[in-house]
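These notes are about the structure you will find just below.
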Amino acid sequence: MRTRLRWRWRKNPLRRRSDVVEAWTVLVVTLLLLIAAPLAGALVGRWAYDEARAVAAEQRAERHLLRAEVVSRPPETLPTAEGVREEAYRVTVRWTEPGGAVRTAPARVASGTERGDMVGVWFDARGRAVPAPPDGAAVWQHTLTSGVCTAGGAAAAVLLGHAVFRRVTRRRRLDEWGREWARTGPEWSGRRA
């Protein structure tokens, strides 16, 4: 491969302008794949990390965890999806507020929870049961997913652009060679066009 690219940089009677352009394109694509795509992934990952931490902090501030007692019976048969048991199901829970008022609400609890068990349930300001705020692992998962997807998307866009560009330059190179052969071919073959 090294000798294949090297001749495109030197003065050579076989070298065409399209060969020089293609050699420069390979250099640019390599730099984009090695520097720009990972940098884009890192920048988007950093932005996603900051956003996810802000969302998690906001949710932790507006939600609160209460200990509640399961008062309804769990379903006899848990719903399944293609043989996989659900990890959580909805039941009614009861808790006592700081003022002494007893409240009930539907909430999702882990599979295997029985009537009378005490569970931790997250509630919003309106008293609705909500999912727990994202923890550190969820924030990092979001960060890494965003960064890797961005870097992969940038690399895919660069490679797709390079493939299109090579197709165009290959067509031009063949046209150049065709014109050159039309001009010099009769000298080699002895035929006149």
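For the structure tokens, the naming scheme is as follows: chains receive sequential letters (A, B, ...) according to their order of presentation, residues are indexed from 1 within each chain, and ligands are indexed from 1 in presentation order.
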
task = Tell me, as a list in words, which residues lie within 10 Å of segment 162-172 of chain A, counting only C-alpha atoms; anything in the same chain fewer than 4 positions away does not count.
result = Arg17, Ser18, Asp19, Val21, Glu22, Thr25, Val26, Val28, Val29, Ala156, Ala157, Val158, Glu176, Trp177 and Gly178 of chain A

task = Compile the contact shell of Ser146 of chain A as number ranges by chain: residues with an atom at most 12 Å away, counting only C-alpha atoms, same-chain residues fewer than 5 positions apart removed.
result = A: 38, 40-52, 139-141, 151-153

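Atom CA of Asp135 of chain A is found 19.7 Å from atom CA of Ala107 of chain A.
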
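Between atom CA of Val91 of chain A and atom CA of Ala137 of chain A there is a distance of 27.2 Å.
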
Using only C-alpha atoms, what does the table of segment 106-190 of chain A residues within 7 Å of segment 67-73 of chain A look like, with each row giving the shortest atom pair and its distance in Å to one decimal, sorted by chain and ascending number, as a tab-separated table?
```
residue	atom	partner	partner_atom	distance
A:Glu114	CA	A:Arg73	CA	7.0
A:Arg115	CA	A:Val70	CA	5.1
A:Gly116	CA	A:Val70	CA	5.1
A:Asp117	CA	A:Val70	CA	5.6
A:Met118	CA	A:Glu69	CA	4.5
A:Val119	CA	A:Ala68	CA	5.4
A:Gly120	CA	A:Arg67	CA	4.6
A:Val121	CA	A:Arg67	CA	6.4
```

note = Using only C-alpha atoms, the residue out of A:Tyr89, A:Lys11, A:Asp124, A:Arg16 with shortest distance to Glu180 of chain A is A:Arg16

task = Per DSSP on the backbone, filter segment 21-169 of chain A down to the residues in alpha helix (DSSP H) and report them as a PyMOL selection string.
result = chain A and resi 21-31+37-62+136-169

From A:Pro186, A:Gly147, A:Gly100, A:Pro106, residue lying nearest Val130 of chain A [only C-alpha atoms] =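 Residue with the minimum atom-to-atom distance to Val130 of chain A: A:Pro106.
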
inquiry  = Set the distance at 9 Å and use only C-alpha atoms: which residues neighbour Pro134 of chain A once local chain neighbours fewer than 2 positions away are removed? I'd like the list as a ChimeraX atom specification.
reply    = /A:52-53,55-57,59-60,131-132,136-139

Restrict the selected residues to C-alpha atoms and save them as a compact mmCIF listing (two decimals), in the first residue's frame.
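Listed below is the output, result-v3.txt:
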```txt
# COMPACT_ATOMS: atom_id res chain seq x y z
CA ALA A 52 -27.53 14.12 32.40
CA ARG A 53 -26.03 15.29 35.71
CA VAL A 55 -31.35 16.32 34.93
CA ALA A 56 -30.45 13.84 37.68
CA ALA A 57 -29.87 16.67 40.19
CA GLN A 59 -35.06 15.04 39.59
CA ARG A 60 -33.43 14.33 42.95
CA PRO A 131 -39.16 6.17 38.69
CA ALA A 132 -36.06 6.78 40.78
CA GLY A 136 -24.17 7.79 38.55
CA ALA A 137 -24.12 4.61 36.47
CA ALA A 138 -27.08 5.79 34.38
CA VAL A 139 -25.40 9.17 33.82
```

Counting only C-alpha atoms, the option among A:Glu87, A:Ser189, A:Pro133, A:Trp181 closest to Ala54 of chain A =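 Closest to Ala54 of chain A of all the choices is A:Pro133.
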
inquiry  = Taking only C-alpha atoms into account, name the residue in A:Arg108, A:Thr145, A:Leu65, A:Leu159 that is nearest to Leu31 of chain A.
reply    =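 The answer is A:Leu159, which sits nearest to Leu31 of chain A.
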
Residue nearest Thr92 of chain A - candidates A:Ala129, A:Leu32, A:Leu66, A:Ala61, atoms counted: only C-alpha atoms = A:Ala129

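Interatomic distance, atom CA of Ala110 of chain A to atom CA of Pro75 of chain A: 12.3 Å.
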
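Taking segment 29-106 of chain A and asking which residues DSSP calls strand (DSSP E or B) on the backbone, you get His64, Leu65, Leu66, Arg67, Ala68, Glu69, Val70, Thr80, Ala81, Val84, Arg85, Ala88, Tyr89, Arg90, Val91, Thr92, Val93, Arg94, Trp95, Thr96, Val102, Arg103, Thr104, Ala105 and Pro106 of chain A.
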
message = Using only C-alpha atoms for the distances, tell me which of A:Arg94, A:His64, A:Pro74, A:Ser111 is nearest to Phe123 of chain A.
response =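 Closest candidate: A:His64.
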